[in-house]
Each structure stands twice: as structure tokens, then as C-alpha cells.
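Below: the structure, in C-alpha cells.
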Amino acid sequence: MELARAADDFVAAMRAERGVSDNTVRGYRADLADLSAFAERTSGAAATEALSLDLLRDWLLDCTERGLARASIARRTASTRAFCSWLLRERIIDADPSLRLRSPKSRSTLPRVIPAAQTTDLLTTLEQAAHDGDPVAVRDLAVAELLYASGLRVSELCGIDIDDLDFERRVVRVMGKGSKERTVPFGGPAARALDRYLHEARPRLSVGETPAVFLGSHGARLGTRTVYRLVARMLERVPGSGPSGPHTLRHTAATHLLDGGADLRAVQELLGHSSLGTTQIYTHVSSERLRAVYEQAHPRS
């Protein structure tokens with residue numbers, strides 16, 4: 001059964017059985033529409049049969065990566081539990097995948113930052129894996145290099161088309177939150193990895209005409225879930241706890257820029273934040289950077 005149709009039936013049942021308010025109805029509709037879109041984007045099937053604990057967890061993680069507030073994610077968790085419980089009662093599904101679902105923890109601390117030397121080591125490892133020319137390994141190297149070079153959101157990276165790349169200027173055009181377009185620079189290593197991928201690997205992954213830059217193993221546009229798994233595997237080699245998705249590379253890129261002396265407003269523009277306050281929360285000045293500034297500026301340092 002299609003998720004959209006099931007969601008409509010669920011909302012109608014909540015109105016009839018529990019007399020839920022209009023605000024609650026709007027919340028249910030928005031939450032389940034977002035879940036349906038995520039299921040379609042990551043698994044190719046927006047149907048009740050596609051519901052699983054892994055899918056729901058990936059969806060909530062995606063919500064977290066997109067910067068949704070803790071209260072919004074908690075509401076989406078509650079909406080999903082109510083929806084899945086209703087699906088089970090109506091015998092539309094055989095088991096409730098939301099029973100073990102928990103809201104992601106509030107981001108009380110900033111996402112971890114991978115030190116520059118370790119980031120280089122991780123990318124070198126991916127480069128070595130791509131040495132023999134395996135198309136997926138070559139693609140993965142290009143994905144990681146571009147994520148780190150540009151600080152893109154995973155959805156922005158997966159949405160890039162061929163025409164969005166400008167190798168002469170070394171910039172990529174992306175569509176960010178709120179359908180806001182911006183142009184983001186990338187460096188030499190990312191340019192070389194992208195060039196190799198486009199000329200050697202992408203033709204071997206492609207099975208038809210598609211404008212997408214990054215392709216999955218079956219030739220379709222690369223999904224966000226695949227990128228999550230790629231980065232999680234990549235970061236398994238780094239000791240320490242904390243988030244291990246593409247957002248970690250985004251935060252690492254921003255922090256390394258600040259460490260190198262980049263202006264906070266330049267980082268804001270790079271990340272596509274609508275306000276400087278968001279960037280100030282999202283990034284932090286490392287202790288090494290703070291020490292350097294202190295020693296340079298304080299008369300009794």
C-alpha cells in the first residue's frame with residue numbers, strides 16, 4: 001500500500017476516532033509526507049512494505065542532519081509510532097517497526113571534528129582503495145573529497161548535476177535549504193578526484209541518460225543513504241565517539257577553515273546558512289586557534 005494513501009487513511013481515522021485537532025492533523029500530514037519522500041529517495045519505494053526500523057532510524061538521522069529542532073524530531077518520532085501502531089491494528093503491516101524507535105539525542109555538544117592529519121589519512125586510504133580503478137571506489141573517493149572540500153549537505157551533494165560543475169573556476173552550484181541556490185568552491189584534490197570519476201568511473205556506472213553527477217551501482221542518482229554508509233565506514237577508522245555521518249565532514253571542513261583563518265561570514269556563505277548565528281552555533285574555534293589568537297593579541301600572553 002502506498003505510504004501517502006495509508007497516511008491519509010490514518011489521519012482520517014485519527015479525526016474520527018480521537019477527534020484530534022487541526023494542528024495535530026497538519027503535523028501528522030507533514031511528518032508522514034516527509035517520511036514518504038525520504039523512503040522514495042533512499043529505497044525507491046514509498047510503500048508500507050518498505051517501512052523498517054533501519055529506514056525510520058535513517059529518516060530521523062536525516063532530520064537531525066538537516067538541522068531540525070529536538071522538539072520537531074520528537075514529534076516526528078511520536079507521529080511515526082502512532083502511524084505504525086495504526087497500520088498494525090489495521091493489519092496493513094505484519095509487525096510494528098517503530099517499537100524500538102527512539103528520538104535521536106539532542107545535539108548538546110557539537111558534532112565531532114576529525115583532525116586535519118587524520119582527515120588526510122582517511123582520504124589517502126580511499127585513494128589507495130581506488131587505485132585499481134574500481135568504479136564504486138573511484139566514486140566514493142570523489143564523494144568524500146567533495147564533501148570535505150566544500151562542506152556540502154548530503155542532500156546537496158546527491159542533487160548535483162553535470163551542468164552544476166565548473167572545473168575552470170573550481171566551483172559547484174548547489175540547491176540548498178529553502179530552494180536557495182549558491183555556488184561553492186572546491187580545491188585541487190577534489191577537482192582531480194571528480195575529473196577521474198567523471199571520465200573513468202561514471203561511464204561504467206551509467207545505464208542510461210541521467211544528468212546526475214554521482215550514480216549508484218545500478219546507474220540511478222546516488223541516494224543519501226549510500227553516502228551515509230560510505231562516510232560511516234570511513235570514520236570507523238577514527239577513534240572517538242560522536243556522529244559519523246556526512247554532517248561530520250561538513251563540520252570538519254568548516255572548523256578547518258576557521259583554524260586556517262577564514263572569516264566567519266565566509267564560512268556562513270560556504271555552508272549556506274541564512275544567519276550568522278546559525279554558523280556560530282554550528283562551528284567552533286578550536287583550542288589551538290583560540291590559543292594562537294590569544295598569544296598574538298593579549299599583551300601579557
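The chains in the C-alpha cells are called A, B, ... from first to last as shown; in each chain the residues are counted from 1, and the ligands are counted from 1 in the order shown.
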| field | Sel. of strand (DSSP E) residues, stretch 20-246 of chain A, as a PyMOL selection string | value | chain A and resi 165-166+171-175+181-185
May I have the residues from that selection written out with N, CA and C atoms, as an mmCIF file, in the first residue's frame?
data_model
loop_
_atom_site.group_PDB
_atom_site.id
_atom_site.type_symbol
_atom_site.label_atom_id
_atom_site.label_comp_id
_atom_site.auth_asym_id
_atom_site.auth_seq_id
_atom_site.Cartn_x
_atom_site.Cartn_y
_atom_site.Cartn_z
ATOM 1 N N LEU A 165 28.733 21.637 -12.336
ATOM 2 C CA LEU A 165 30.173 21.657 -12.082
ATOM 3 C C LEU A 165 30.882 22.606 -13.043
ATOM 4 N N ASP A 166 31.769 23.400 -12.502
ATOM 5 C CA ASP A 166 32.590 24.305 -13.303
ATOM 6 C C ASP A 166 34.046 24.065 -12.902
ATOM 7 N N VAL A 171 34.219 25.448 -8.977
ATOM 8 C CA VAL A 171 33.046 25.721 -8.150
ATOM 9 C C VAL A 171 31.935 24.759 -8.554
ATOM 10 N N VAL A 172 31.009 24.548 -7.625
ATOM 11 C CA VAL A 172 29.841 23.727 -7.901
ATOM 12 C C VAL A 172 28.604 24.481 -7.452
ATOM 13 N N ARG A 173 27.573 24.438 -8.275
ATOM 14 C CA ARG A 173 26.305 25.096 -7.957
ATOM 15 C C ARG A 173 25.408 24.077 -7.269
ATOM 16 N N VAL A 174 24.872 24.446 -6.111
ATOM 17 C CA VAL A 174 24.013 23.522 -5.370
ATOM 18 C C VAL A 174 22.721 24.218 -4.982
ATOM 19 N N MET A 175 21.712 23.414 -4.728
ATOM 20 C CA MET A 175 20.427 23.918 -4.267
ATOM 21 C C MET A 175 20.297 23.584 -2.791
ATOM 22 N N GLU A 181 19.792 28.771 -4.073
ATOM 23 C CA GLU A 181 20.950 28.326 -4.857
ATOM 24 C C GLU A 181 22.199 29.072 -4.411
ATOM 25 N N ARG A 182 23.321 28.363 -4.357
ATOM 26 C CA ARG A 182 24.581 29.011 -4.044
ATOM 27 C C ARG A 182 25.707 28.311 -4.800
ATOM 28 N N THR A 183 26.817 28.996 -4.938
ATOM 29 C CA THR A 183 27.982 28.457 -5.617
ATOM 30 C C THR A 183 29.090 28.256 -4.594
ATOM 31 N N VAL A 184 29.642 27.049 -4.567
ATOM 32 C CA VAL A 184 30.611 26.666 -3.540
ATOM 33 C C VAL A 184 31.918 26.252 -4.206
ATOM 34 N N PRO A 185 33.051 26.735 -3.717
ATOM 35 C CA PRO A 185 34.343 26.350 -4.306
ATOM 36 C C PRO A 185 34.820 24.984 -3.811
#
| request: Counting only C-alpha atoms, figure out which residue out of A:Val227, A:Pro135, A:Ser244, A:Phe167 gets nearest to A:Arg202. | output: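 Using only C-alpha atoms, A:Arg202 sits closest to A:Pro135.
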| request: List every residue of stretch 37-253 of chain A that DSSP, applied to the backbone of this structure, assigns to alpha helix (DSSP H), and report them as a ChimeraX atom specification. | output: /A:37-43,53-65,70-89,116-129,135-150,154-158,188-196,202-205,224-235,246-253
For stretch 221-225 of chain A, work out the shell of residues within 6 Å, counting only C-alpha atoms and skipping chain neighbours fewer than 6 positions away, then give it as a PDB file with C-alpha atoms, in the first residue's frame.
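Okay, this is what ended up in selection29.pdb:
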ATOM      1  CA  THR A  42      16.538   6.287  -0.345  1.00  0.00           C
ATOM      2  CA  CYS A 158      23.353  13.937  -4.199  1.00  0.00           C
ATOM      3  CA  ALA A 212      23.200  13.302 -12.051  1.00  0.00           C
ATOM      4  CA  PHE A 214      27.001  10.780  -8.670  1.00  0.00           C
ATOM      5  CA  LEU A 215      25.448   7.452  -9.574  1.00  0.00           C
TER       6      LEU A 215
END
How close does each residue of stretch 66-168 of chain A get to stretch 14-21 of chain A, giving the shortest atom pair and distance in Å to one decimal for every residue with an atom at most 12 Å away, counting only C-alpha atoms, sorted by chain and residue number, as JSON lines?
{"residue": "A:Ser79", "atom": "CA", "partner": "A:Met14", "partner_atom": "CA", "distance": 11.3}
{"residue": "A:Ala82", "atom": "CA", "partner": "A:Met14", "partner_atom": "CA", "distance": 9.6}
{"residue": "A:Phe83", "atom": "CA", "partner": "A:Met14", "partner_atom": "CA", "distance": 9.7}
{"residue": "A:Ser85", "atom": "CA", "partner": "A:Met14", "partner_atom": "CA", "distance": 12.0}
{"residue": "A:Trp86", "atom": "CA", "partner": "A:Met14", "partner_atom": "CA", "distance": 9.3}
| message | Neighbouring residues of stretch 89-94 of chain A were defined as those with any atom within 10 Å, considering only C-alpha atoms; residues of the same chain fewer than 5 positions away were excluded. Please report them as a list in words. | response |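 Here the answer would be Met1, Ala6, Phe10, Thr48, Glu49, Leu51, Phe83 and Cys84 of chain A.
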Serialized selection, C-alpha atoms, as a PDB file, in the first residue's frame:
ATOM      1  CA  MET A   1       0.000   0.000   0.000  1.00  0.00           C
ATOM      2  CA  ALA A   6      -2.027   4.966   4.140  1.00  0.00           C
ATOM      3  CA  PHE A  10      -4.562   7.168   9.208  1.00  0.00           C
ATOM      4  CA  THR A  48       4.129   0.487   3.681  1.00  0.00           C
ATOM      5  CA  GLU A  49       6.130  -2.619   2.750  1.00  0.00           C
ATOM      6  CA  LEU A  51       8.845   0.507   6.426  1.00  0.00           C
ATOM      7  CA  PHE A  83       1.088   5.659  12.415  1.00  0.00           C
ATOM      8  CA  CYS A  84       2.833   2.282  12.624  1.00  0.00           C
TER       9      CYS A  84
END
| Counting only C-alpha atoms, which of A:Val136, A:Leu141, A:Ala129, A:Leu35 gets nearest to A:Asp195? | A:Leu141
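The space separating atom CA of A:Gly151 from atom CA of A:Asp132 comes to 27.7 Å.
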| message | Let me make sure I understand: among A:Thr252, A:Asn23, A:Ser206, A:Thr226, which one has the smallest atom-to-atom distance to A:Ser43 if we use only C-alpha atoms? | response |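 Nearest candidate to A:Ser43 out of A:Thr252, A:Asn23, A:Ser206, A:Thr226: A:Thr226.
For A:Pro97, the set of protein, DNA and RNA residues having any atom at most 7 Å away, when counting only C-alpha atoms and skipping those fewer than 2 positions along the same chain, is Leu51, Ser52, Leu53, Ala95 and Leu99 of chain A.
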Give me a file of those residues, with N, CA and C atoms, as a short mmCIF file (atom, residue, chain, number, x, y, z; two decimals), in the first residue's frame.
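Wrote it out as again34.cif, contents follow:
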data_model
loop_
_atom_site.label_atom_id
_atom_site.label_comp_id
_atom_site.auth_asym_id
_atom_site.auth_seq_id
_atom_site.Cartn_x
_atom_site.Cartn_y
_atom_site.Cartn_z
N LEU A 51 8.60 0.05 5.06
CA LEU A 51 8.85 0.51 6.43
C LEU A 51 9.67 -0.52 7.20
N SER A 52 10.72 -0.05 7.82
CA SER A 52 11.58 -0.90 8.65
C SER A 52 12.21 -0.02 9.71
N LEU A 53 12.74 -0.66 10.75
CA LEU A 53 13.41 0.10 11.81
C LEU A 53 14.59 0.87 11.25
N ALA A 95 4.20 -6.42 11.34
CA ALA A 95 4.95 -6.12 12.56
C ALA A 95 5.19 -4.62 12.63
N LEU A 99 8.62 -0.01 17.25
CA LEU A 99 8.62 -0.35 18.67
C LEU A 99 9.94 0.01 19.35
#
| Å distance separating atom CA of A:Gly272 from atom CA of A:Thr64, one decimal place | 16.7 Å
